[in-house]
file run-v6.txt (compact mmCIF, C-alpha atoms)
# COMPACT_ATOMS: atom_id res chain seq x y z
CA MET A 1 27.55 -0.33 70.56
CA THR A 2 31.15 -0.50 69.35
CA ASP A 3 32.70 -3.72 68.12
CA ALA A 4 34.91 -3.96 71.24
CA ALA A 5 31.90 -3.39 73.51
CA GLN A 6 29.94 -6.09 71.67
CA ARG A 7 32.79 -8.56 72.14
CA ARG A 8 33.04 -7.73 75.85
CA ARG A 9 29.29 -8.24 76.19
CA GLU A 10 29.45 -11.59 74.39
CA LEU A 11 32.36 -12.71 76.56
CA GLY A 12 30.40 -11.87 79.71
CA LEU A 13 27.25 -13.62 78.52
CA PHE A 14 29.22 -16.69 77.46
CA LEU A 15 31.02 -16.99 80.81
CA LYS A 16 27.73 -16.53 82.64
CA ALA A 17 26.05 -19.24 80.54
CA ARG A 18 28.88 -21.71 81.14
CA ARG A 19 28.92 -20.94 84.87
CA ALA A 20 25.17 -21.61 85.04
CA GLN A 21 25.59 -24.96 83.26
CA ALA A 22 28.42 -26.29 85.42
CA LEU A 23 27.62 -29.31 87.60
CA ARG A 24 28.42 -28.60 91.22
CA SER A 25 29.30 -32.23 91.90
CA ASP A 26 32.14 -31.99 89.35
CA TYR A 27 33.80 -29.50 91.71
CA GLY A 28 33.05 -31.38 94.91
CA LEU A 29 30.47 -28.77 95.87
CA PRO A 30 27.13 -29.55 97.53
CA PRO A 31 23.80 -28.58 95.96
CA VAL A 32 22.45 -25.10 96.58
CA GLY A 33 19.45 -25.59 98.80
CA ARG A 34 18.03 -29.09 98.50
CA THR A 35 17.79 -29.55 94.77
CA ARG A 36 19.94 -27.15 92.76
CA GLU A 37 22.83 -29.27 91.51
CA GLN A 38 23.71 -27.14 88.50
CA GLY A 39 25.37 -23.74 88.45
CA LEU A 40 28.31 -22.14 90.22
CA ARG A 41 28.21 -18.86 92.11
CA ARG A 42 30.43 -16.04 90.88
CA GLU A 43 32.28 -16.23 94.18
CA GLU A 44 33.02 -19.91 93.59
CA VAL A 45 34.34 -19.37 90.06
CA ALA A 46 36.52 -16.50 91.31
CA PHE A 47 37.90 -18.58 94.19
CA LEU A 48 38.62 -21.59 91.98
CA SER A 49 40.37 -19.30 89.47
CA ALA A 50 42.34 -17.34 92.09
CA ILE A 51 40.96 -13.99 90.94
CA SER A 52 38.90 -11.39 92.77
CA VAL A 53 35.13 -11.62 92.78
CA THR A 54 34.93 -7.99 91.66
CA TRP A 55 37.17 -8.64 88.64
CA TYR A 56 35.19 -11.70 87.60
CA THR A 57 31.89 -9.82 88.09
CA TRP A 58 33.14 -7.05 85.83
CA LEU A 59 34.02 -9.64 83.19
CA GLU A 60 30.48 -11.04 83.21
CA GLN A 61 29.06 -7.51 83.12
CA GLY A 62 31.08 -6.65 80.01
CA ARG A 63 32.94 -3.81 81.75
CA GLU A 64 35.71 -2.01 79.89
CA ILE A 65 38.58 -4.01 81.35
CA SER A 66 41.42 -5.94 79.73
CA PRO A 67 41.72 -9.46 81.13
CA SER A 68 45.09 -11.06 80.60
CA ARG A 69 45.47 -14.21 78.56
CA GLN A 70 46.53 -16.02 81.74
CA VAL A 71 43.29 -15.07 83.52
CA LEU A 72 41.18 -16.25 80.58
CA GLU A 73 43.13 -19.51 80.32
CA THR A 74 42.54 -20.07 84.03
CA LEU A 75 38.82 -19.40 83.68
CA ALA A 76 38.67 -21.81 80.74
CA ARG A 77 40.18 -24.52 82.93
CA THR A 78 37.90 -23.69 85.86
CA LEU A 79 34.77 -23.83 83.71
CA ARG A 80 36.11 -26.91 81.92
CA LEU A 81 35.69 -25.40 78.48
CA SER A 82 36.35 -27.43 75.37
CA GLU A 83 39.28 -26.42 73.16
CA THR A 84 36.87 -24.70 70.77
CA GLU A 85 35.19 -22.81 73.62
CA ARG A 86 38.58 -21.81 75.03
CA ALA A 87 39.66 -20.45 71.62
CA TYR A 88 36.37 -18.58 71.39
CA VAL A 89 36.91 -16.88 74.77
CA LEU A 90 40.44 -15.87 73.80
CA SER A 91 39.30 -14.54 70.43
CA LEU A 92 36.68 -12.33 72.06
CA ALA A 93 39.44 -10.75 74.15
CA GLY A 94 41.64 -10.25 71.08
CA TYR A 95 44.22 -12.93 71.77
CA VAL A 96 43.83 -14.82 68.50
CA SER A 97 43.46 -13.64 64.95
CA VAL A 98 40.03 -12.30 64.09
CA PRO A 99 38.28 -13.97 61.13
CA PRO A 100 38.16 -11.94 57.92
CA SER A 101 35.82 -8.98 58.09
CA GLY A 102 32.91 -8.57 55.75
CA THR A 103 29.88 -10.74 55.40
CA ALA A 104 29.72 -11.92 51.82
CA VAL A 105 31.62 -12.14 48.57
CA ALA A 106 30.09 -10.72 45.42
CA ASP A 107 30.69 -13.84 43.34
CA VAL A 108 32.43 -17.12 43.88
CA PRO A 109 35.74 -17.03 41.92
CA PRO A 110 35.63 -18.99 38.64
CA HIS A 111 38.30 -21.45 39.77
CA VAL A 112 36.28 -22.22 42.92
CA GLN A 113 33.14 -22.77 40.86
CA ARG A 114 35.09 -25.13 38.59
CA LEU A 115 36.18 -27.05 41.69
CA LEU A 116 32.55 -27.33 42.82
CA ASP A 117 31.52 -28.55 39.37
CA ALA A 118 34.30 -31.14 39.37
CA LEU A 119 32.94 -32.56 42.61
CA ASP A 120 29.61 -33.54 40.99
CA PRO A 121 27.56 -35.56 41.77
CA ASN A 122 28.66 -35.02 45.38
CA PRO A 123 26.57 -32.09 46.65
CA SER A 124 28.97 -29.19 47.23
CA PHE A 125 28.73 -25.47 47.89
CA ALA A 126 30.84 -22.46 48.90
CA LEU A 127 30.14 -20.48 52.08
CA ALA A 128 31.07 -16.83 52.67
CA PRO A 129 32.09 -15.60 56.17
CA ASP A 130 28.46 -14.84 57.02
CA TRP A 131 27.46 -18.31 55.76
CA GLY A 132 25.97 -16.92 52.60
CA VAL A 133 25.85 -19.65 49.93
CA GLU A 134 27.86 -18.09 47.12
CA GLY A 135 28.25 -21.01 44.76
CA TRP A 136 27.06 -24.59 44.34
CA ASN A 137 27.13 -27.49 41.91
CA ARG A 138 24.41 -29.51 40.19
CA GLY A 139 24.57 -32.18 42.89
CA TYR A 140 23.67 -29.66 45.58
CA ALA A 141 20.89 -28.20 43.42
CA ALA A 142 19.49 -31.72 42.98
CA LEU A 143 19.54 -32.27 46.75
CA TYR A 144 18.10 -28.81 47.53
CA PRO A 145 16.30 -27.42 44.45
CA ASN A 146 15.32 -24.15 46.16
CA ILE A 147 18.94 -22.93 46.18
CA ALA A 148 18.63 -21.56 42.64
CA THR A 149 15.41 -19.62 43.26
CA VAL A 150 15.67 -18.34 46.83
CA PRO A 151 16.24 -14.53 46.95
CA SER A 152 19.95 -13.72 47.22
CA GLU A 153 19.50 -11.94 50.55
CA GLU A 154 18.04 -15.16 52.00
CA ARG A 155 20.57 -17.50 50.41
CA ASN A 156 22.29 -18.01 53.74
CA LEU A 157 22.81 -21.47 55.25
CA LEU A 158 21.78 -20.47 58.76
CA TRP A 159 18.69 -18.63 57.50
CA LEU A 160 17.64 -21.52 55.27
CA VAL A 161 18.09 -24.15 57.99
CA PHE A 162 15.93 -22.24 60.45
CA THR A 163 13.27 -20.76 58.14
CA ASP A 164 12.84 -22.92 55.01
CA PRO A 165 10.19 -25.66 55.55
CA TYR A 166 11.74 -27.71 52.75
CA VAL A 167 15.10 -27.80 54.53
CA ARG A 168 13.39 -28.83 57.77
CA SER A 169 11.66 -31.71 55.97
CA LEU A 170 14.97 -32.62 54.30
CA LEU A 171 16.71 -33.10 57.65
CA PRO A 172 15.31 -36.00 59.73
CA ASP A 173 17.50 -34.85 62.63
CA TRP A 174 16.67 -31.16 62.21
CA ASP A 175 16.67 -30.42 65.96
CA VAL A 176 20.24 -31.67 66.37
CA THR A 177 21.58 -30.28 63.09
CA SER A 178 20.06 -26.81 63.44
CA SER A 179 21.38 -26.47 66.98
CA ARG A 180 24.85 -27.58 65.90
CA PHE A 181 24.90 -25.14 62.99
CA ALA A 182 24.03 -22.24 65.31
CA SER A 183 26.84 -23.29 67.66
CA GLU A 184 29.35 -23.56 64.81
CA PHE A 185 28.29 -20.20 63.42
CA ARG A 186 28.74 -18.57 66.83
CA ALA A 187 32.24 -20.03 67.12
CA GLU A 188 33.19 -18.54 63.74
CA ALA A 189 31.38 -15.21 63.99
CA GLY A 190 31.88 -14.40 67.68
CA PRO A 191 34.71 -11.88 67.24
CA ARG A 192 32.65 -10.11 64.54
CA LEU A 193 29.33 -9.90 66.40
CA GLY A 194 29.82 -6.14 66.52
CA ASP A 195 29.63 -6.02 62.72
CA SER A 196 26.31 -4.35 61.91
CA LYS A 197 25.51 -6.82 59.11
CA ILE A 198 26.18 -9.85 61.31
CA GLY A 199 24.16 -8.27 64.11
CA TYR A 200 21.27 -7.56 61.74
CA GLN A 201 21.37 -11.15 60.47
CA ILE A 202 21.15 -12.54 64.00
CA GLU A 203 18.34 -10.21 65.06
CA LYS A 204 16.41 -11.03 61.89
CA LEU A 205 16.76 -14.75 62.63
CA LYS A 206 15.63 -14.25 66.22
CA GLU A 207 12.45 -12.61 64.95
CA ALA A 208 11.82 -15.24 62.27
CA SER A 209 12.59 -18.37 64.28
CA PRO A 210 11.75 -19.03 67.94
CA GLU A 211 13.95 -22.14 67.73
CA PHE A 212 16.94 -20.03 66.68
CA ARG A 213 16.21 -17.50 69.41
CA ASP A 214 16.20 -20.22 72.06
CA THR A 215 19.30 -21.93 70.66
CA TRP A 216 21.24 -18.67 70.37
CA ALA A 217 20.42 -17.77 73.98
CA ARG A 218 22.25 -20.90 75.18
CA HIS A 219 25.60 -19.53 73.94
CA ASP A 220 26.73 -22.98 72.81
CA ILE A 221 30.03 -23.18 70.93
CA LEU A 222 31.17 -26.00 68.65
CA GLY A 223 33.98 -26.30 66.15
CA PHE A 224 33.35 -27.94 62.80
CA GLU A 225 33.88 -31.71 62.68
CA SER A 226 33.51 -33.98 59.67
CA ARG A 227 30.56 -36.20 60.46
CA GLU A 228 27.73 -38.28 59.01
CA ARG A 229 24.70 -36.36 57.74
CA LEU A 230 21.25 -37.67 56.83
CA PHE A 231 18.90 -36.18 54.24
CA HIS A 232 15.39 -37.38 53.49
CA HIS A 233 14.75 -36.52 49.85
CA PRO A 234 11.15 -36.99 48.63
CA ALA A 235 12.33 -38.61 45.40
CA VAL A 236 14.95 -41.13 46.59
CA GLY A 237 14.44 -41.53 50.34
CA VAL A 238 17.17 -41.24 52.99
CA LEU A 239 20.68 -40.40 51.80
CA ARG A 240 23.70 -40.91 54.07
CA PHE A 241 26.68 -38.63 53.52
CA GLU A 242 29.91 -37.63 55.20
CA HIS A 243 30.08 -33.89 55.72
CA HIS A 244 33.46 -32.27 54.94
CA GLN A 245 34.71 -28.69 54.88
CA VAL A 246 37.89 -27.20 53.38
CA SER A 247 39.12 -23.72 52.44
CA PRO A 248 41.13 -22.77 49.34
CA SER A 249 44.57 -21.41 50.34
CA ASP A 250 44.07 -18.39 48.08
CA ARG A 251 40.55 -17.73 49.41
CA PRO A 252 40.61 -18.63 53.12
CA ASP A 253 37.44 -16.57 53.62
CA LEU A 254 35.49 -19.22 51.70
CA HIS A 255 34.56 -22.65 53.06
CA ILE A 256 33.96 -25.41 50.53
CA VAL A 257 31.39 -27.85 51.93
CA VAL A 258 31.24 -31.30 50.35
CA TYR A 259 28.90 -34.23 51.04
CA THR A 260 30.46 -37.54 50.03
CA PRO A 261 28.68 -40.93 50.21
CA ALA A 262 28.99 -42.48 53.66
CA PRO A 263 30.72 -45.89 53.70
CA GLY A 264 28.24 -48.66 53.02
CA SER A 265 25.52 -46.27 51.85
CA ASP A 266 23.68 -46.04 48.52
CA ALA A 267 24.19 -42.26 48.35
CA ALA A 268 26.28 -42.41 45.16
CA GLU A 269 23.57 -44.29 43.26
CA GLN A 270 20.85 -42.11 44.77
CA MET A 271 22.65 -38.96 43.65
CA GLN A 272 23.08 -40.30 40.12
CA LEU A 273 19.32 -40.87 40.02
CA LEU A 274 18.59 -37.41 41.38
CA MET A 275 20.86 -35.84 38.77
CA LYS A 276 18.94 -37.65 36.01
CA LEU A 277 15.60 -36.59 37.47
CA GLY A 278 16.77 -33.00 37.58

call {"tool": "encode", "arguments": {"input": "run-v6.txt", "output": "structure tokens"}}
result
Amino acid sequence: MTDAAQRRRELGLFLKARRAQALRSDYGLPPVGRTREQGLRREEVAFLSAISVTWYTWLEQGREISPSRQVLETLARTLRLSETERAYVLSLAGYVSVPPSGTAVADVPPHVQRLLDALDPNPSFALAPDWGVEGWNRGYAALYPNIATVPSEERNLLWLVFTDPYVRSLLPDWDVTSSRFASEFRAEAGPRLGDSKIGYQIEKLKEASPEFRDTWARHDILGFESRERLFHHPAVGVLRFEHHQVSPSDRPDLHIVVYTPAPGSDAAEQMQLLMKLG
């Protein structure tokens, strides 16, 4: 399947998933039958968007058609998509810039590694476009000791979250966090789902993790937001951090992820202790 065909397929599946999740009462529509209160018919979405049923059906089927930006914007409003979901739909149709191609960098640049080291003891790491962890500091190694020994082909944030038992035990809210990570990854990688390496990564995760397979099938999309994160470390108990993400202007393909102590938490002292224990 070509890259364009993969994007058309993803667009169709995403629209179908959002149509199925829509609440009929939000549109002033009665339930289907006696109990079905969720899900719009294709005919209803087409009518509300002032487009033909045939055209909308072709979109969901991933046909080789070229929807205008106006049509996609209208569908985004009809399906009440978030701004991140709207941007995702447009990107799949080629109306926004596609993220950098490629799935990994060979090595994190020295100046980026020095930045990570300067952020100690705040756990920090660098992510490649495929979410491969390409560099980290001592603080992150203290929080997640396996990072230094995991095989390079498995040193991927999404893979580790869904397959490493240690990571699962480290995250007291694993169900929420893992689902959010999959949604954020989809938002970033959507336009590159036709890339054979990205496709292989996703299929490999589907085979390894039933939870990932179920989460991925929902077609959820979320943009990154700085937020509080909890970690339950066996040596120091629960740590509360704020989760931040930035990109160097000279290496926009890399994301620098930093965990800073949450206000009112003991995370700074706990990290100092972890660094000494390490």

call {"tool": "closest_atom_pairs", "arguments": {"input": "run-v6.txt", "of": "range 137-239 of chain A", "to": "range 73-93 of chain A", "cutoff": "7 Å", "atoms": "only C-alpha atoms", "output": "Markdown table"}}
result
| residue | atom | partner | partner_atom | distance |
| --- | --- | --- | --- | --- |
| A:Ala187 | CA | A:Tyr88 | CA | 6.1 |
| A:Gly190 | CA | A:Leu92 | CA | 6.8 |
| A:Pro191 | CA | A:Leu92 | CA | 5.2 |
| A:Ile221 | CA | A:Glu85 | CA | 5.8 |
| A:Leu222 | CA | A:Thr84 | CA | 6.2 |
| A:Gly223 | CA | A:Thr84 | CA | 5.7 |

call {"tool": "atom_distance", "arguments": {"input": "run-v6.txt", "atom1": "CA of Leu116 in chain A", "atom2": "CA of Asn137 in chain A"}}
result
5.5 Å

call {"tool": "atom_distance", "arguments": {"input": "run-v6.txt", "atom1": "CA of Pro67 in chain A", "atom2": "CA of Gly39 in chain A"}}
result
22.9 Å

call {"tool": "atom_distance", "arguments": {"input": "run-v6.txt", "atom1": "CA of Phe231 in chain A", "atom2": "CA of Leu171 in chain A"}}
result
5.1 Å

call {"tool": "closest_residue", "arguments": {"input": "run-v6.txt", "among": "A:Thr260, A:Ser169, A:Ser196, A:Ser247", "to": "Ser226 in chain A", "atoms": "all atoms listed in the file"}}
result
A:Thr260

call {"tool": "closest_residue", "arguments": {"input": "run-v6.txt", "among": "A:Phe212, A:Tyr56, A:Phe47, A:Phe241", "to": "Ser178 in chain A", "atoms": "all atoms listed in the file"}}
result
A:Phe212

call {"tool": "residues_around", "arguments": {"input": "run-v6.txt", "residues": "Ala142 in chain A", "least_positions_apart": "6", "cutoff": "10 Å", "atoms": "all atoms listed in the file", "output": "list in words"}}
result
Pro121, Pro123, His233, Met271, Gln272, Leu273, Leu274, Met275, Lys276, Leu277 and Gly278 of chain A

call {"tool": "residues_near_point", "arguments": {"input": "run-v6.txt", "point": "(50.5, -12.4, 73.3)", "cutoff": "12 Å", "atoms": "all atoms listed in the file", "output": "PDB file with C-alpha atoms, in the frame of the given file"}}
result
ATOM      1  CA  SER A  68      45.090 -11.060  80.600  1.00  0.00           C
ATOM      2  CA  ARG A  69      45.470 -14.210  78.560  1.00  0.00           C
ATOM      3  CA  GLN A  70      46.530 -16.020  81.740  1.00  0.00           C
ATOM      4  CA  LEU A  90      40.440 -15.870  73.800  1.00  0.00           C
ATOM      5  CA  SER A  91      39.300 -14.540  70.430  1.00  0.00           C
ATOM      6  CA  ALA A  93      39.440 -10.750  74.150  1.00  0.00           C
ATOM      7  CA  GLY A  94      41.640 -10.250  71.080  1.00  0.00           C
ATOM      8  CA  TYR A  95      44.220 -12.930  71.770  1.00  0.00           C
ATOM      9  CA  VAL A  96      43.830 -14.820  68.500  1.00  0.00           C
ATOM     10  CA  SER A  97      43.460 -13.640  64.950  1.00  0.00           C
TER      11      SER A  97
END

call {"tool": "closest_residue", "arguments": {"input": "run-v6.txt", "among": "A:Asp3, A:Glu228, A:Asp117, A:Asp266", "to": "Thr177 in chain A", "atoms": "all atoms listed in the file"}}
result
A:Glu228

call {"tool": "residues_around", "arguments": {"input": "run-v6.txt", "residues": "range 254-259 of chain A", "least_positions_apart": "5", "cutoff": "6 Å", "atoms": "all atoms listed in the file", "output": "list in words"}}
result
Asn122, Pro123, Ser124, Phe125, Ala126, Leu127, Ala128, Phe241, Glu242, His243, His244, Gln245, Val246 and Ser247 of chain A

call {"tool": "residues_around", "arguments": {"input": "run-v6.txt", "residues": "Tyr166 in chain A", "least_positions_apart": "3", "cutoff": "10 Å", "atoms": "only C-alpha atoms", "output": "PDB file with C-alpha atoms, in the frame of the given file"}}
result
ATOM      1  CA  TYR A 144      18.100 -28.810  47.530  1.00  0.00           C
ATOM      2  CA  PRO A 145      16.300 -27.420  44.450  1.00  0.00           C
ATOM      3  CA  ASN A 146      15.320 -24.150  46.160  1.00  0.00           C
ATOM      4  CA  LEU A 160      17.640 -21.520  55.270  1.00  0.00           C
ATOM      5  CA  VAL A 161      18.090 -24.150  57.990  1.00  0.00           C
ATOM      6  CA  THR A 163      13.270 -20.760  58.140  1.00  0.00           C
ATOM      7  CA  SER A 169      11.660 -31.710  55.970  1.00  0.00           C
ATOM      8  CA  LEU A 170      14.970 -32.620  54.300  1.00  0.00           C
ATOM      9  CA  LEU A 171      16.710 -33.100  57.650  1.00  0.00           C
ATOM     10  CA  HIS A 233      14.750 -36.520  49.850  1.00  0.00           C
TER      11      HIS A 233
END

call {"tool": "build_atoms", "arguments": {"input": "run-v6.txt", "residues": "range 46-71 of chain A", "atoms": "N, CA, C and O atoms", "output": "JSON list (two decimals), keeping the file's coordinate frame"}}
result
[["chain", "number", "residue", "atom", "x", "y", "z"],
["A", 46, "ALA", "N", 35.39, -17.38, 91.00],
["A", 46, "ALA", "CA", 36.52, -16.50, 91.31],
["A", 46, "ALA", "C", 37.52, -17.20, 92.23],
["A", 46, "ALA", "O", 38.73, -17.15, 92.00],
["A", 47, "PHE", "N", 37.02, -17.89, 93.25],
["A", 47, "PHE", "CA", 37.90, -18.58, 94.19],
["A", 47, "PHE", "C", 38.68, -19.69, 93.47],
["A", 47, "PHE", "O", 39.90, -19.82, 93.64],
["A", 48, "LEU", "N", 37.98, -20.48, 92.68],
["A", 48, "LEU", "CA", 38.62, -21.59, 91.98],
["A", 48, "LEU", "C", 39.65, -21.11, 90.95],
["A", 48, "LEU", "O", 40.56, -21.84, 90.58],
["A", 49, "SER", "N", 39.47, -19.87, 90.48],
["A", 49, "SER", "CA", 40.37, -19.30, 89.47],
["A", 49, "SER", "C", 41.42, -18.38, 90.07],
["A", 49, "SER", "O", 42.24, -17.82, 89.33],
["A", 50, "ALA", "N", 41.37, -18.19, 91.39],
["A", 50, "ALA", "CA", 42.34, -17.34, 92.09],
["A", 50, "ALA", "C", 42.32, -15.91, 91.57],
["A", 50, "ALA", "O", 43.37, -15.28, 91.36],
["A", 51, "ILE", "N", 41.11, -15.39, 91.31],
["A", 51, "ILE", "CA", 40.96, -13.99, 90.94],
["A", 51, "ILE", "C", 39.92, -13.37, 91.85],
["A", 51, "ILE", "O", 39.18, -14.08, 92.53],
["A", 52, "SER", "N", 39.85, -12.05, 91.87],
["A", 52, "SER", "CA", 38.90, -11.39, 92.77],
["A", 52, "SER", "C", 37.47, -11.53, 92.24],
["A", 52, "SER", "O", 37.25, -11.60, 91.02],
["A", 53, "VAL", "N", 36.53, -11.55, 93.17],
["A", 53, "VAL", "CA", 35.13, -11.62, 92.78],
["A", 53, "VAL", "C", 34.74, -10.39, 91.97],
["A", 53, "VAL", "O", 34.00, -10.48, 90.98],
["A", 54, "THR", "N", 35.25, -9.24, 92.38],
["A", 54, "THR", "CA", 34.93, -7.99, 91.66],
["A", 54, "THR", "C", 35.40, -8.06, 90.22],
["A", 54, "THR", "O", 34.67, -7.72, 89.28],
["A", 55, "TRP", "N", 36.62, -8.54, 90.00],
["A", 55, "TRP", "CA", 37.17, -8.64, 88.64],
["A", 55, "TRP", "C", 36.33, -9.59, 87.78],
["A", 55, "TRP", "O", 35.99, -9.28, 86.64],
["A", 56, "TYR", "N", 35.99, -10.74, 88.36],
["A", 56, "TYR", "CA", 35.19, -11.70, 87.60],
["A", 56, "TYR", "C", 33.80, -11.13, 87.31],
["A", 56, "TYR", "O", 33.26, -11.30, 86.21],
["A", 57, "THR", "N", 33.21, -10.44, 88.29],
["A", 57, "THR", "CA", 31.89, -9.82, 88.09],
["A", 57, "THR", "C", 31.94, -8.82, 86.96],
["A", 57, "THR", "O", 31.03, -8.76, 86.11],
["A", 58, "TRP", "N", 32.99, -8.03, 86.91],
["A", 58, "TRP", "CA", 33.14, -7.05, 85.83],
["A", 58, "TRP", "C", 33.25, -7.74, 84.47],
["A", 58, "TRP", "O", 32.72, -7.25, 83.47],
["A", 59, "LEU", "N", 33.93, -8.89, 84.44],
["A", 59, "LEU", "CA", 34.02, -9.64, 83.19],
["A", 59, "LEU", "C", 32.63, -10.05, 82.71],
["A", 59, "LEU", "O", 32.29, -9.86, 81.54],
["A", 60, "GLU", "N", 31.84, -10.61, 83.59],
["A", 60, "GLU", "CA", 30.48, -11.04, 83.21],
["A", 60, "GLU", "C", 29.61, -9.85, 82.83],
["A", 60, "GLU", "O", 28.69, -9.99, 82.02],
["A", 61, "GLN", "N", 29.87, -8.69, 83.41],
["A", 61, "GLN", "CA", 29.06, -7.51, 83.12],
["A", 61, "GLN", "C", 29.51, -6.80, 81.85],
["A", 61, "GLN", "O", 28.87, -5.84, 81.42],
["A", 62, "GLY", "N", 30.60, -7.27, 81.24],
["A", 62, "GLY", "CA", 31.08, -6.65, 80.01],
["A", 62, "GLY", "C", 31.73, -5.31, 80.23],
["A", 62, "GLY", "O", 31.76, -4.47, 79.32],
["A", 63, "ARG", "N", 32.28, -5.09, 81.44],
["A", 63, "ARG", "CA", 32.94, -3.81, 81.75],
["A", 63, "ARG", "C", 34.16, -3.60, 80.85],
["A", 63, "ARG", "O", 34.74, -4.55, 80.31],
["A", 64, "GLU", "N", 34.57, -2.36, 80.74],
["A", 64, "GLU", "CA", 35.71, -2.01, 79.89],
["A", 64, "GLU", "C", 37.02, -2.30, 80.63],
["A", 64, "GLU", "O", 37.70, -1.40, 81.13],
["A", 65, "ILE", "N", 37.34, -3.57, 80.73],
["A", 65, "ILE", "CA", 38.58, -4.01, 81.35],
["A", 65, "ILE", "C", 39.32, -4.90, 80.37],
["A", 65, "ILE", "O", 38.75, -5.34, 79.37],
["A", 66, "SER", "N", 40.60, -5.14, 80.65],
["A", 66, "SER", "CA", 41.42, -5.94, 79.73],
["A", 66, "SER", "C", 41.97, -7.16, 80.45],
["A", 66, "SER", "O", 43.07, -7.10, 81.02],
["A", 67, "PRO", "N", 41.24, -8.25, 80.46],
["A", 67, "PRO", "CA", 41.72, -9.46, 81.13],
["A", 67, "PRO", "C", 42.95, -10.01, 80.42],
["A", 67, "PRO", "O", 43.03, -10.00, 79.19],
["A", 68, "SER", "N", 43.89, -10.47, 81.19],
["A", 68, "SER", "CA", 45.09, -11.06, 80.60],
["A", 68, "SER", "C", 44.77, -12.43, 80.01],
["A", 68, "SER", "O", 43.76, -13.06, 80.36],
["A", 69, "ARG", "N", 45.65, -12.87, 79.14],
["A", 69, "ARG", "CA", 45.47, -14.21, 78.56],
["A", 69, "ARG", "C", 45.52, -15.26, 79.66],
["A", 69, "ARG", "O", 44.77, -16.24, 79.63],
["A", 70, "GLN", "N", 46.40, -15.06, 80.65],
["A", 70, "GLN", "CA", 46.53, -16.02, 81.74],
["A", 70, "GLN", "C", 45.23, -16.16, 82.51],
["A", 70, "GLN", "O", 44.81, -17.27, 82.86],
["A", 71, "VAL", "N", 44.56, -15.03, 82.79],
["A", 71, "VAL", "CA", 43.29, -15.07, 83.52],
["A", 71, "VAL", "C", 42.24, -15.83, 82.71],
["A", 71, "VAL", "O", 41.51, -16.68, 83.26]]
